[in-house]
$ cat model-v8.tsv   # TSV, C-alpha atoms and all ligand atoms
chain	number	residue	atom	x	y	z
A	1	MET	CA	155.09	-149.74	143.95
A	2	ASN	CA	151.74	-148.94	145.54
A	3	PRO	CA	149.14	-150.30	143.04
A	4	LEU	CA	147.10	-147.09	143.37
A	5	ILE	CA	150.03	-145.03	142.12
A	6	ARG	CA	150.63	-147.46	139.25
A	7	VAL	CA	147.07	-146.92	137.97
A	8	ILE	CA	147.06	-143.10	138.00
A	9	PRO	CA	146.71	-142.33	134.27
A	10	ALA	CA	149.88	-141.12	132.53
A	11	PHE	CA	148.23	-137.86	131.42
A	12	LEU	CA	147.46	-137.00	135.04
A	13	VAL	CA	150.98	-137.83	136.20
A	14	ARG	CA	152.32	-135.73	133.33
A	15	SER	CA	150.21	-132.75	134.35
A	16	PHE	CA	151.57	-133.09	137.88
A	17	ALA	CA	155.13	-133.47	136.58
A	18	SER	CA	155.21	-130.69	134.02
A	19	PRO	CA	155.89	-127.71	136.34
A	20	TYR	CA	158.84	-129.64	137.84
A	21	VAL	CA	160.47	-130.88	134.62
A	22	ALA	CA	162.33	-128.48	132.33
A	23	GLY	CA	161.32	-130.28	129.15
A	24	ASP	CA	161.95	-133.45	127.20
A	25	SER	CA	165.33	-132.61	125.65
A	26	LEU	CA	168.72	-131.23	126.67
A	27	ALA	CA	168.19	-128.20	124.38
A	28	LYS	CA	164.97	-127.28	126.23
A	29	ALA	CA	166.64	-127.72	129.61
A	30	VAL	CA	169.58	-125.52	128.58
A	31	ASP	CA	167.07	-122.88	127.48
A	32	VAL	CA	165.46	-122.96	130.94
A	33	VAL	CA	168.89	-122.66	132.61
A	34	GLN	CA	169.68	-119.55	130.55
A	35	LYS	CA	166.30	-117.95	131.21
A	36	LEU	CA	166.55	-118.58	134.96
A	37	ARG	CA	169.93	-116.86	135.06
A	38	ARG	CA	169.19	-113.95	132.71
A	39	GLU	CA	165.62	-113.21	133.80
A	40	ARG	CA	165.57	-114.26	137.48
A	41	HIS	CA	169.31	-114.17	138.37
A	42	LEU	CA	169.14	-117.76	139.62
A	43	TRP	CA	171.84	-120.38	139.12
A	44	SER	CA	170.94	-123.95	138.10
A	45	THR	CA	171.92	-127.55	138.62
A	46	LEU	CA	170.93	-129.75	135.69
A	47	ASP	CA	169.77	-133.29	136.32
A	48	LEU	CA	168.73	-135.97	133.83
A	49	LEU	CA	165.78	-138.07	135.03
A	50	ALA	CA	167.11	-141.54	134.42
A	51	GLU	CA	166.54	-144.23	137.00
A	52	ASP	CA	165.35	-147.83	136.99
A	53	ILE	CA	167.93	-148.96	134.47
A	54	ARG	CA	167.14	-152.38	132.97
A	55	THR	CA	169.76	-152.84	130.25
A	56	ASP	CA	173.46	-152.07	129.70
A	57	GLN	CA	172.37	-150.06	126.69
A	58	GLN	CA	170.22	-147.78	128.88
A	59	ALA	CA	173.08	-147.36	131.34
A	60	GLN	CA	175.42	-146.39	128.48
A	61	GLN	CA	172.82	-143.98	127.07
A	62	ASN	CA	172.81	-142.21	130.43
A	63	VAL	CA	176.59	-141.94	130.46
A	64	ASP	CA	176.50	-140.54	126.92
A	65	ALA	CA	173.73	-138.11	127.87
A	66	TYR	CA	175.79	-136.85	130.82
A	67	LEU	CA	178.87	-136.40	128.63
A	68	GLN	CA	176.71	-134.30	126.30
A	69	MET	CA	175.40	-132.35	129.30
A	70	VAL	CA	178.99	-131.59	130.30
A	71	ASP	CA	179.69	-130.26	126.80
A	72	ALA	CA	176.46	-128.23	126.75
A	73	ALA	CA	177.22	-126.71	130.17
A	74	ALA	CA	180.79	-125.92	129.15
A	75	ALA	CA	179.54	-124.16	126.00
A	76	LEU	CA	177.67	-121.62	128.15
A	77	PRO	CA	179.44	-118.54	129.52
A	78	VAL	CA	180.80	-118.97	133.05
A	79	ASP	CA	178.26	-116.54	134.52
A	80	VAL	CA	175.39	-118.79	133.33
A	81	ARG	CA	177.01	-122.22	133.48
A	82	PRO	CA	175.02	-124.79	135.50
A	83	THR	CA	176.46	-127.49	137.69
A	84	LEU	CA	175.33	-131.07	136.97
A	85	SER	CA	173.89	-133.59	139.41
A	86	LEU	CA	174.47	-137.34	139.02
A	87	LYS	CA	172.58	-140.29	140.47
A	88	PRO	CA	174.77	-143.39	140.89
A	89	SER	CA	171.81	-145.67	140.09
A	90	SER	CA	171.53	-144.16	136.58
A	91	TYR	CA	174.57	-146.07	135.32
A	92	THR	CA	174.00	-149.62	136.48
A	93	THR	CA	171.67	-152.55	136.00
A	94	LYS	CA	172.65	-153.85	139.45
A	95	PRO	CA	170.97	-151.42	141.85
A	96	MET	CA	172.03	-151.59	145.49
A	97	GLN	CA	168.47	-151.48	146.79
A	98	HIS	CA	167.88	-154.83	145.09
A	99	GLY	CA	171.03	-156.39	146.45
A	100	GLY	CA	173.22	-155.46	143.47
A	101	ASP	CA	176.78	-154.19	143.53
A	102	ALA	CA	176.29	-151.10	141.33
A	103	ALA	CA	178.62	-152.59	138.70
A	104	GLY	CA	179.69	-149.97	136.17
A	105	SER	CA	178.42	-146.98	138.12
A	106	ARG	CA	181.74	-145.96	139.68
A	107	GLU	CA	183.54	-146.12	136.32
A	108	ALA	CA	180.74	-144.14	134.65
A	109	MET	CA	180.86	-141.41	137.29
A	110	PHE	CA	184.64	-141.19	137.02
A	111	ALA	CA	184.42	-140.83	133.23
A	112	ILE	CA	181.85	-138.03	133.57
A	113	ALA	CA	183.83	-136.33	136.34
A	114	GLU	CA	187.02	-136.51	134.26
A	115	ARG	CA	185.36	-134.80	131.29
A	116	ALA	CA	183.71	-132.24	133.57
A	117	LYS	CA	187.05	-131.36	135.14
A	118	GLN	CA	188.67	-130.85	131.73
A	119	LYS	CA	185.81	-128.57	130.69
A	120	GLY	CA	185.38	-126.55	133.89
A	121	VAL	CA	181.97	-127.89	134.90
A	122	ALA	CA	181.17	-128.60	138.57
A	123	LEU	CA	179.29	-131.78	139.56
A	124	SER	CA	177.35	-133.00	142.59
A	125	ILE	CA	176.56	-136.61	143.40
A	126	ASP	CA	172.95	-136.96	144.57
A	127	MET	CA	172.34	-139.14	147.61
A	128	GLU	CA	169.89	-142.00	147.09
A	129	SER	CA	168.43	-144.47	149.61
A	130	ARG	CA	170.46	-145.91	152.51
A	131	HIS	CA	171.61	-148.86	150.36
A	132	TRP	CA	173.70	-146.44	148.32
A	133	THR	CA	175.27	-144.30	151.03
A	134	ASP	CA	178.53	-146.26	151.55
A	135	PHE	CA	179.10	-146.70	147.82
A	136	THR	CA	178.36	-143.05	147.05
A	137	LEU	CA	180.59	-141.68	149.79
A	138	ALA	CA	183.43	-144.08	148.91
A	139	THR	CA	183.25	-143.07	145.23
A	140	PHE	CA	183.16	-139.39	146.20
A	141	ARG	CA	186.20	-139.74	148.48
A	142	ALA	CA	188.10	-141.63	145.77
A	143	MET	CA	187.38	-138.78	143.36
A	144	HIS	CA	188.80	-136.22	145.77
A	145	GLU	CA	191.88	-138.40	146.33
A	146	ARG	CA	192.42	-138.06	142.58
A	147	GLY	CA	192.16	-134.27	142.73
A	148	MET	CA	188.56	-134.05	141.53
A	149	ASP	CA	187.64	-131.22	143.84
A	150	HIS	CA	185.02	-129.95	141.38
A	151	VAL	CA	182.74	-132.73	142.67
A	152	GLY	CA	180.37	-132.09	145.61
A	153	ILE	CA	178.21	-134.44	147.66
A	154	VAL	CA	174.75	-134.57	149.26
A	155	LEU	CA	174.16	-135.50	152.90
A	156	GLN	CA	170.73	-136.37	154.28
A	157	THR	CA	170.09	-135.12	157.79
A	158	ARG	CA	167.41	-137.75	158.48
A	159	MET	CA	170.09	-140.49	158.50
A	160	ASN	CA	171.65	-141.13	161.90
A	161	ARG	CA	174.97	-142.02	160.28
A	162	THR	CA	175.34	-138.53	158.79
A	163	GLU	CA	176.87	-137.10	161.96
A	164	ARG	CA	179.76	-139.57	161.56
A	165	ASP	CA	179.90	-139.11	157.80
A	166	LEU	CA	180.61	-135.41	158.37
A	167	ASP	CA	183.91	-136.41	159.97
A	168	ALA	CA	185.07	-138.37	156.93
A	169	LEU	CA	184.52	-135.76	154.24
A	170	PRO	CA	187.35	-134.57	152.01
A	171	LYS	CA	188.77	-131.28	153.26
A	172	GLY	CA	186.81	-128.19	152.19
A	173	CYS	CA	184.44	-130.06	149.83
A	174	ARG	CA	181.07	-128.72	148.71
A	175	VAL	CA	178.12	-130.27	150.59
A	176	ARG	CA	174.42	-130.04	149.75
A	177	LEU	CA	172.43	-130.55	152.94
A	178	VAL	CA	168.91	-131.99	152.57
A	179	ILE	CA	166.51	-133.79	154.89
A	180	GLY	CA	166.36	-136.70	152.41
A	181	ILE	CA	163.50	-137.84	150.18
A	182	TYR	CA	163.66	-141.60	150.80
A	183	ARG	CA	161.56	-143.12	153.56
A	184	GLU	CA	164.03	-144.85	155.87
A	185	PRO	CA	163.31	-147.09	158.87
A	186	ALA	CA	163.44	-145.70	162.41
A	187	GLU	CA	166.46	-147.93	163.23
A	188	VAL	CA	168.66	-145.84	160.96
A	189	ALA	CA	166.93	-142.50	160.56
A	190	LEU	CA	164.81	-139.81	162.14
A	191	THR	CA	161.13	-139.98	161.27
A	192	ASP	CA	160.20	-136.55	162.61
A	193	LYS	CA	160.54	-133.80	160.01
A	194	PRO	CA	161.18	-130.83	162.32
A	195	ALA	CA	164.01	-132.83	163.94
A	196	MET	CA	165.56	-133.43	160.48
A	197	LYS	CA	165.41	-129.70	159.80
A	198	GLU	CA	166.99	-128.81	163.16
A	199	ARG	CA	169.82	-131.12	162.15
A	200	MET	CA	170.21	-129.16	158.92
A	201	LEU	CA	171.05	-126.10	161.04
A	202	THR	CA	173.45	-127.97	163.34
A	203	PHE	CA	175.24	-129.77	160.51
A	204	ALA	CA	175.48	-126.58	158.46
A	205	GLU	CA	177.16	-124.86	161.39
A	206	THR	CA	179.66	-127.72	161.78
A	207	LEU	CA	180.43	-127.81	158.05
A	208	LEU	CA	180.95	-124.06	157.80
A	209	LYS	CA	183.24	-124.07	160.84
A	210	ARG	CA	185.30	-126.79	159.17
A	211	GLY	CA	185.71	-124.79	155.97
A	212	HIS	CA	183.19	-126.55	153.70
A	213	TYR	CA	180.95	-124.77	151.19
A	214	VAL	CA	177.31	-125.39	152.20
A	215	GLU	CA	174.37	-125.73	149.83
A	216	PHE	CA	171.36	-125.39	152.11
A	217	ALA	CA	168.60	-127.15	150.14
A	218	THR	CA	165.07	-126.76	151.48
A	219	HIS	CA	161.82	-125.02	150.56
A	220	ASP	CA	161.08	-124.31	154.17
A	221	ASP	CA	161.29	-120.50	154.38
A	222	ALA	CA	161.45	-120.50	158.17
A	223	TYR	CA	164.54	-122.73	158.21
A	224	VAL	CA	166.22	-120.75	155.44
A	225	ARG	CA	165.72	-117.60	157.54
A	226	ARG	CA	167.12	-119.31	160.63
A	227	PHE	CA	170.12	-120.52	158.63
A	228	LEU	CA	170.75	-116.99	157.38
A	229	GLU	CA	170.52	-115.59	160.91
A	230	GLN	CA	172.94	-118.26	162.08
A	231	VAL	CA	175.54	-117.49	159.40
A	232	ALA	CA	175.19	-113.73	159.94
A	233	LYS	CA	175.76	-114.19	163.68
A	234	ALA	CA	178.82	-116.33	163.02
A	235	GLY	CA	180.19	-113.74	160.57
A	236	ILE	CA	180.28	-116.27	157.68
A	237	GLY	CA	180.80	-114.63	154.27
A	238	LYS	CA	178.08	-114.91	151.60
A	239	ASP	CA	180.61	-116.63	149.34
A	240	ARG	CA	180.65	-119.67	151.68
A	241	PHE	CA	177.10	-120.93	151.07
A	242	GLU	CA	174.03	-120.86	148.84
A	243	ILE	CA	170.33	-121.70	149.09
A	244	GLN	CA	168.93	-124.37	146.78
A	245	MET	CA	165.37	-125.30	145.81
A	246	LEU	CA	163.67	-127.45	143.18
A	247	TYR	CA	162.58	-125.97	139.86
A	248	GLY	CA	158.80	-125.58	139.82
A	249	VAL	CA	158.20	-125.23	143.56
A	250	PRO	CA	156.64	-121.78	143.83
A	251	ARG	CA	159.09	-119.69	145.84
A	252	GLU	CA	159.52	-116.76	143.41
A	253	ARG	CA	159.03	-113.95	145.91
A	254	PHE	CA	161.06	-115.59	148.61
A	255	LEU	CA	163.96	-116.24	146.21
A	256	ALA	CA	163.82	-112.68	144.84
A	257	ASP	CA	164.05	-111.43	148.42
A	258	LEU	CA	167.15	-113.58	149.03
A	259	LEU	CA	168.79	-112.22	145.90
A	260	ARG	CA	168.12	-108.65	147.06
A	261	GLN	CA	170.08	-109.50	150.21
A	262	GLY	CA	172.99	-110.68	148.06
A	263	ILE	CA	172.41	-114.37	148.83
A	264	LYS	CA	173.28	-116.83	146.07
A	265	ALA	CA	170.37	-119.10	145.09
A	266	ARG	CA	170.22	-122.09	142.78
A	267	LEU	CA	167.43	-124.27	141.38
A	268	TYR	CA	167.75	-127.99	140.76
A	269	VAL	CA	166.44	-128.38	137.21
A	270	PRO	CA	165.48	-131.92	136.14
A	271	PHE	CA	164.78	-132.77	132.53
A	272	ALA	CA	164.03	-136.00	130.68
A	273	LEU	CA	164.79	-137.52	127.32
A	274	GLY	CA	161.10	-138.08	126.59
A	275	TRP	CA	158.02	-137.77	128.77
A	276	ASP	CA	157.87	-141.53	129.49
A	277	MET	CA	160.98	-141.16	131.64
A	278	ALA	CA	159.57	-138.10	133.44
A	279	ILE	CA	156.30	-139.90	134.16
A	280	GLN	CA	158.10	-142.97	135.50
A	281	TYR	CA	160.23	-140.72	137.70
A	282	LEU	CA	157.24	-138.92	139.16
A	283	ARG	CA	155.38	-142.18	139.80
A	284	ARG	CA	158.34	-143.40	141.85
A	285	ARG	CA	158.55	-140.13	143.76
A	286	LEU	CA	154.82	-140.33	144.50
A	287	ASP	CA	155.29	-143.88	145.73
A	288	GLU	CA	158.17	-142.92	148.02
A	289	TYR	CA	156.51	-139.74	149.19
A	290	PRO	CA	152.70	-139.82	148.76
A	291	ALA	CA	152.39	-136.42	150.53
A	292	MET	CA	153.80	-134.99	147.29
A	293	VAL	CA	150.34	-135.28	145.67
A	294	TRP	CA	149.12	-132.81	148.27
A	295	LEU	CA	152.22	-130.58	148.00
A	296	VAL	CA	151.96	-130.39	144.23
A	297	THR	CA	148.23	-129.64	144.35
A	298	LYS	CA	148.74	-126.97	147.00
A	299	ASN	CA	151.56	-125.42	144.98
A	300	LEU	CA	149.41	-125.19	141.88
A	301	PHE	CA	147.22	-122.74	143.79
A	302	SER	CA	149.84	-120.72	145.64
A	303	ARG	CA	152.65	-118.36	144.64
A	304	ARG	CA	155.17	-117.45	147.32
A	401	LIG	C1	168.09	-128.66	145.43
A	401	LIG	C2	167.61	-129.92	146.07
A	401	LIG	C3	168.31	-131.09	145.88
A	401	LIG	C4	167.91	-132.28	146.52
A	401	LIG	N1	168.67	-133.40	146.40
A	401	LIG	C5	168.33	-134.49	147.10
A	401	LIG	C6	169.16	-135.65	147.11
A	401	LIG	O1	170.22	-135.72	146.45
A	401	LIG	N2	168.78	-136.72	147.86
A	401	LIG	C7	167.61	-136.70	148.61
A	401	LIG	O2	167.34	-137.69	149.30
A	401	LIG	N3	166.82	-135.63	148.59
A	401	LIG	C8	167.13	-134.53	147.88
A	401	LIG	N4	166.31	-133.45	147.90
A	401	LIG	C9	164.97	-133.55	148.53
A	401	LIG	C10	165.01	-133.19	149.98
A	401	LIG	O3	165.71	-134.20	150.69
A	401	LIG	C11	163.59	-133.07	150.57
A	401	LIG	O4	162.96	-134.30	150.48
A	401	LIG	C12	162.71	-132.03	149.91
A	401	LIG	O5	163.44	-130.86	149.66
A	401	LIG	C13	161.52	-131.68	150.81
A	401	LIG	O6	161.97	-131.21	152.05
A	401	LIG	P1	162.00	-129.66	152.48
A	401	LIG	O7	163.17	-129.45	153.36
A	401	LIG	O8	161.93	-128.78	151.29
A	401	LIG	O9	160.76	-129.47	153.43
A	401	LIG	P2	159.22	-129.87	153.34
A	401	LIG	O10	158.67	-129.60	154.70
A	401	LIG	O11	159.04	-131.26	152.80
A	401	LIG	O12	158.64	-128.86	152.31
A	401	LIG	C14	158.38	-127.52	152.63
A	401	LIG	C15	157.38	-127.01	151.60
A	401	LIG	O13	158.02	-127.02	150.31
A	401	LIG	C16	157.14	-127.47	149.30
A	401	LIG	N5	157.70	-128.70	148.69
A	401	LIG	C17	158.70	-129.46	149.18
A	401	LIG	N6	159.00	-130.46	148.34
A	401	LIG	C18	158.19	-130.33	147.29
A	401	LIG	C19	158.02	-131.06	146.09
A	401	LIG	N7	158.78	-132.10	145.76
A	401	LIG	N8	157.07	-130.62	145.25
A	401	LIG	C20	156.32	-129.57	145.55
A	401	LIG	N9	156.43	-128.84	146.66
A	401	LIG	C21	157.35	-129.21	147.52
A	401	LIG	C22	155.83	-127.62	149.95
A	401	LIG	O14	155.11	-126.40	149.81
A	401	LIG	C23	156.15	-127.87	151.42
A	401	LIG	O15	155.11	-127.50	152.26
A	401	LIG	C24	166.72	-132.27	147.30
A	401	LIG	C25	166.00	-131.08	147.48
A	401	LIG	C26	166.43	-129.91	146.89
A	401	LIG	C27	165.66	-128.65	147.14

$ encode --input "model-v8.tsv" --output "structure tokens"
Amino acid sequence: MNPLIRVIPAFLVRSFASPYVAGDSLAKAVDVVQKLRRERHLWSTLDLLAEDIRTDQQAQQNVDAYLQMVDAAAALPVDVRPTLSLKPSSYTTKPMQHGGDAAGSREAMFAIAERAKQKGVALSIDMESRHWTDFTLATFRAMHERGMDHVGIVLQTRMNRTERDLDALPKGCRVRLVIGIYREPAEVALTDKPAMKERMLTFAETLLKRGHYVEFATHDDAYVRRFLEQVAKAGIGKDRFEIQMLYGVPRERFLADLLRQGIKARLYVPFALGWDMAIQYLRRRLDEYPAMVWLVTKNLFSRR
């Protein structure tokens, strides 16, 4: 990690993190999910901030936390119920980016997916850095082969491989399209942001044509508008896609406008089991994506 980011005091990181984190317990996060739905008519995806796993005990705690999240989601009425998002690295002490084999992660995700299926809760598997892509897609495909069609996947348009990965998706599965948060080398990925966003439009078109459900996840209003024009032109029903953004990024007016047009919108709602975890998470995000300091600061002063 960049030494400068390591020395930013915890209280400062926490003040940056707080608008983006729905609290330091599952109960607080569930409260946020209910408020978003009842007061702002927005759906949610719940995510536990839990990376950088050092011990088997931590990995098991994350599995247990996700099983509790499944139960908490299932206890909510269907018209409020969030989906859950999983990160494969949360369940292993052998992370792929450090040459590990992700031991335990596949089994953990299957156990969570099994429980979620029984309880009627939908899941998505987040996409992490390029080291994880093969493992994540293989696990996802194996889940669908076992009838776990309540599980969706994330594809990152910056990655050059994504065009091929589109061809190997399970039939009709749910796909969240993002540009990707991880900095990847030019040999394997685009480095130009507008080009990544153009790919979001192209890939969304391909996916919709092939019968997938598309979760178009970006805060870029201009690209959301272009996506909506594209689907309207193609005569795609509003039940075939949704727009997703991160909790805390100020897009209130824009989202309210989407809802007025009958477009489904969902926020990705991260929470932590203690602020230490949230602070660690934000430090890593700042390290991967230093421009976030500027984005967060700008957002503190703007409401859109
Ligand atoms: C619902 C959702 C799920 C995601 N899941 C994944 C995933 O599984 N894997 C993955 O690699 N990436 C994921 N991402 C991150 C995504 O890949 C992008 O890195 C991120 O959304 C920024 O790109 P953008 O398209 O919003 O455009 P940008 O051009 O980066 O942002 C447009 C504007 O949005 C605001 N903004 C964007 N990001 C932030 C932020 N973090 N904090 C504050 N303001 C911000 C700023 O005002 C900025 O000017 C997810 C994003 C969303 C919205």

$ residues_around --input "model-v8.tsv" --residues "region 80-87 of chain A" --least-positions-apart "6" --cutoff "7 Å" --atoms "all atoms listed in the file" --output "list in words"
Gln34, Arg37, Trp43, Ser44, Thr45, Leu46, Asp47, Ala73, Ala74, Val121, Ala122, Leu123, Ser124, Ile125 and Asp126 of chain A

$ atom_distance --input "model-v8.tsv" --atom1 "CA of Gly262 (chain A)" --atom2 "atom N9 of ligand LIG 401 (chain A)"
24.6 Å

$ closest_residue --input "model-v8.tsv" --among "A:Ala17, A:Val70, A:Cys173, A:Ile5" --to "ligand LIG 401 (chain A)" --atoms "only C-alpha atoms and all ligand atoms"
A:Ala17

$ residues_around --input "model-v8.tsv" --residues "region 280-292 of chain A" --least-positions-apart "5" --cutoff "8 Å" --atoms "all atoms listed in the file" --output "ChimeraX atom specification"
/A:1-2,5-6,13,17,49-51,181-183

$ closest_atom_pairs --input "model-v8.tsv" --of "chain A" --to "ligand LIG 401 (chain A)" --cutoff "8 Å" --atoms "all atoms listed in the file" --output "JSON lines"
{"residue": "A:Tyr20", "atom": "CA", "partner": "A:LIG401", "partner_atom": "N8", "distance": 7.7}
{"residue": "A:Thr45", "atom": "CA", "partner": "A:LIG401", "partner_atom": "C1", "distance": 7.9}
{"residue": "A:Lys87", "atom": "CA", "partner": "A:LIG401", "partner_atom": "O1", "distance": 7.9}
{"residue": "A:Ile125", "atom": "CA", "partner": "A:LIG401", "partner_atom": "O1", "distance": 7.1}
{"residue": "A:Asp126", "atom": "CA", "partner": "A:LIG401", "partner_atom": "O1", "distance": 3.5}
{"residue": "A:Met127", "atom": "CA", "partner": "A:LIG401", "partner_atom": "O1", "distance": 4.2}
{"residue": "A:Glu128", "atom": "CA", "partner": "A:LIG401", "partner_atom": "N2", "distance": 5.5}
{"residue": "A:Ser129", "atom": "CA", "partner": "A:LIG401", "partner_atom": "O2", "distance": 6.9}
{"residue": "A:Val154", "atom": "CA", "partner": "A:LIG401", "partner_atom": "O1", "distance": 5.5}
{"residue": "A:Leu155", "atom": "CA", "partner": "A:LIG401", "partner_atom": "N2", "distance": 7.5}
{"residue": "A:Gln156", "atom": "CA", "partner": "A:LIG401", "partner_atom": "O2", "distance": 6.2}
{"residue": "A:Arg176", "atom": "CA", "partner": "A:LIG401", "partner_atom": "C3", "distance": 7.3}
{"residue": "A:Leu177", "atom": "CA", "partner": "A:LIG401", "partner_atom": "O3", "distance": 8.0}
{"residue": "A:Val178", "atom": "CA", "partner": "A:LIG401", "partner_atom": "O3", "distance": 4.3}
{"residue": "A:Ile179", "atom": "CA", "partner": "A:LIG401", "partner_atom": "O3", "distance": 4.3}
{"residue": "A:Gly180", "atom": "CA", "partner": "A:LIG401", "partner_atom": "O3", "distance": 3.1}
{"residue": "A:Ile181", "atom": "CA", "partner": "A:LIG401", "partner_atom": "O4", "distance": 3.6}
{"residue": "A:Tyr182", "atom": "CA", "partner": "A:LIG401", "partner_atom": "O2", "distance": 5.6}
{"residue": "A:Lys193", "atom": "CA", "partner": "A:LIG401", "partner_atom": "O10", "distance": 7.0}
{"residue": "A:Lys197", "atom": "CA", "partner": "A:LIG401", "partner_atom": "O7", "distance": 6.8}
{"residue": "A:Ala217", "atom": "CA", "partner": "A:LIG401", "partner_atom": "C27", "distance": 4.5}
{"residue": "A:Thr218", "atom": "CA", "partner": "A:LIG401", "partner_atom": "O8", "distance": 3.7}
{"residue": "A:His219", "atom": "CA", "partner": "A:LIG401", "partner_atom": "O8", "distance": 3.8}
{"residue": "A:Asp220", "atom": "CA", "partner": "A:LIG401", "partner_atom": "C14", "distance": 4.5}
{"residue": "A:Asp221", "atom": "CA", "partner": "A:LIG401", "partner_atom": "C14", "distance": 7.8}
{"residue": "A:Gln244", "atom": "CA", "partner": "A:LIG401", "partner_atom": "C1", "distance": 4.6}
{"residue": "A:Met245", "atom": "CA", "partner": "A:LIG401", "partner_atom": "C27", "distance": 3.6}
{"residue": "A:Leu246", "atom": "CA", "partner": "A:LIG401", "partner_atom": "C27", "distance": 4.6}
{"residue": "A:Gly248", "atom": "CA", "partner": "A:LIG401", "partner_atom": "C20", "distance": 7.4}
{"residue": "A:Val249", "atom": "CA", "partner": "A:LIG401", "partner_atom": "N9", "distance": 5.1}
{"residue": "A:Pro250", "atom": "CA", "partner": "A:LIG401", "partner_atom": "N9", "distance": 7.6}
{"residue": "A:Arg266", "atom": "CA", "partner": "A:LIG401", "partner_atom": "C1", "distance": 7.4}
{"residue": "A:Leu267", "atom": "CA", "partner": "A:LIG401", "partner_atom": "C1", "distance": 6.0}
{"residue": "A:Tyr268", "atom": "CA", "partner": "A:LIG401", "partner_atom": "C1", "distance": 4.7}
{"residue": "A:Met292", "atom": "CA", "partner": "A:LIG401", "partner_atom": "N8", "distance": 5.8}
{"residue": "A:Leu295", "atom": "CA", "partner": "A:LIG401", "partner_atom": "N9", "distance": 4.7}
{"residue": "A:Val296", "atom": "CA", "partner": "A:LIG401", "partner_atom": "C20", "distance": 4.6}
{"residue": "A:Lys298", "atom": "CA", "partner": "A:LIG401", "partner_atom": "O14", "distance": 7.0}
{"residue": "A:Asn299", "atom": "CA", "partner": "A:LIG401", "partner_atom": "O14", "distance": 6.1}

$ write_last_selection --input "model-v8.tsv" --atoms "C-alpha atoms" --output "compact mmCIF listing (two decimals), in the frame of the given file"
# COMPACT_ATOMS: atom_id res chain seq x y z
CA TYR A 20 158.84 -129.64 137.84
CA THR A 45 171.92 -127.55 138.62
CA LYS A 87 172.58 -140.29 140.47
CA ILE A 125 176.56 -136.61 143.40
CA ASP A 126 172.95 -136.96 144.57
CA MET A 127 172.34 -139.14 147.61
CA GLU A 128 169.89 -142.00 147.09
CA SER A 129 168.43 -144.47 149.61
CA VAL A 154 174.75 -134.57 149.26
CA LEU A 155 174.16 -135.50 152.90
CA GLN A 156 170.73 -136.37 154.28
CA ARG A 176 174.42 -130.04 149.75
CA LEU A 177 172.43 -130.55 152.94
CA VAL A 178 168.91 -131.99 152.57
CA ILE A 179 166.51 -133.79 154.89
CA GLY A 180 166.36 -136.70 152.41
CA ILE A 181 163.50 -137.84 150.18
CA TYR A 182 163.66 -141.60 150.80
CA LYS A 193 160.54 -133.80 160.01
CA LYS A 197 165.41 -129.70 159.80
CA ALA A 217 168.60 -127.15 150.14
CA THR A 218 165.07 -126.76 151.48
CA HIS A 219 161.82 -125.02 150.56
CA ASP A 220 161.08 -124.31 154.17
CA ASP A 221 161.29 -120.50 154.38
CA GLN A 244 168.93 -124.37 146.78
CA MET A 245 165.37 -125.30 145.81
CA LEU A 246 163.67 -127.45 143.18
CA GLY A 248 158.80 -125.58 139.82
CA VAL A 249 158.20 -125.23 143.56
CA PRO A 250 156.64 -121.78 143.83
CA ARG A 266 170.22 -122.09 142.78
CA LEU A 267 167.43 -124.27 141.38
CA TYR A 268 167.75 -127.99 140.76
CA MET A 292 153.80 -134.99 147.29
CA LEU A 295 152.22 -130.58 148.00
CA VAL A 296 151.96 -130.39 144.23
CA LYS A 298 148.74 -126.97 147.00
CA ASN A 299 151.56 -125.42 144.98

$ residues_near_point --input "model-v8.tsv" --point "(168.3, -129.6, 161.1)" --cutoff "10 Å" --atoms "only C-alpha atoms" --output "list in words"
Gln156, Thr157, Arg158, Leu177, Val178, Ile179, Lys193, Pro194, Ala195, Met196, Lys197, Glu198, Arg199, Met200, Leu201, Thr202, Phe203, Ala204, Tyr223 and Phe227 of chain A

$ write_last_selection --input "model-v8.tsv" --atoms "C-alpha atoms" --output "PDB file, in the frame of the given file"
ATOM      1  CA  GLN A 156     170.730-136.370 154.280  1.00  0.00           C
ATOM      2  CA  THR A 157     170.090-135.120 157.790  1.00  0.00           C
ATOM      3  CA  ARG A 158     167.410-137.750 158.480  1.00  0.00           C
ATOM      4  CA  LEU A 177     172.430-130.550 152.940  1.00  0.00           C
ATOM      5  CA  VAL A 178     168.910-131.990 152.570  1.00  0.00           C
ATOM      6  CA  ILE A 179     166.510-133.790 154.890  1.00  0.00           C
ATOM      7  CA  LYS A 193     160.540-133.800 160.010  1.00  0.00           C
ATOM      8  CA  PRO A 194     161.180-130.830 162.320  1.00  0.00           C
ATOM      9  CA  ALA A 195     164.010-132.830 163.940  1.00  0.00           C
ATOM     10  CA  MET A 196     165.560-133.430 160.480  1.00  0.00           C
ATOM     11  CA  LYS A 197     165.410-129.700 159.800  1.00  0.00           C
ATOM     12  CA  GLU A 198     166.990-128.810 163.160  1.00  0.00           C
ATOM     13  CA  ARG A 199     169.820-131.120 162.150  1.00  0.00           C
ATOM     14  CA  MET A 200     170.210-129.160 158.920  1.00  0.00           C
ATOM     15  CA  LEU A 201     171.050-126.100 161.040  1.00  0.00           C
ATOM     16  CA  THR A 202     173.450-127.970 163.340  1.00  0.00           C
ATOM     17  CA  PHE A 203     175.240-129.770 160.510  1.00  0.00           C
ATOM     18  CA  ALA A 204     175.480-126.580 158.460  1.00  0.00           C
ATOM     19  CA  TYR A 223     164.540-122.730 158.210  1.00  0.00           C
ATOM     20  CA  PHE A 227     170.120-120.520 158.630  1.00  0.00           C
TER      21      PHE A 227
END
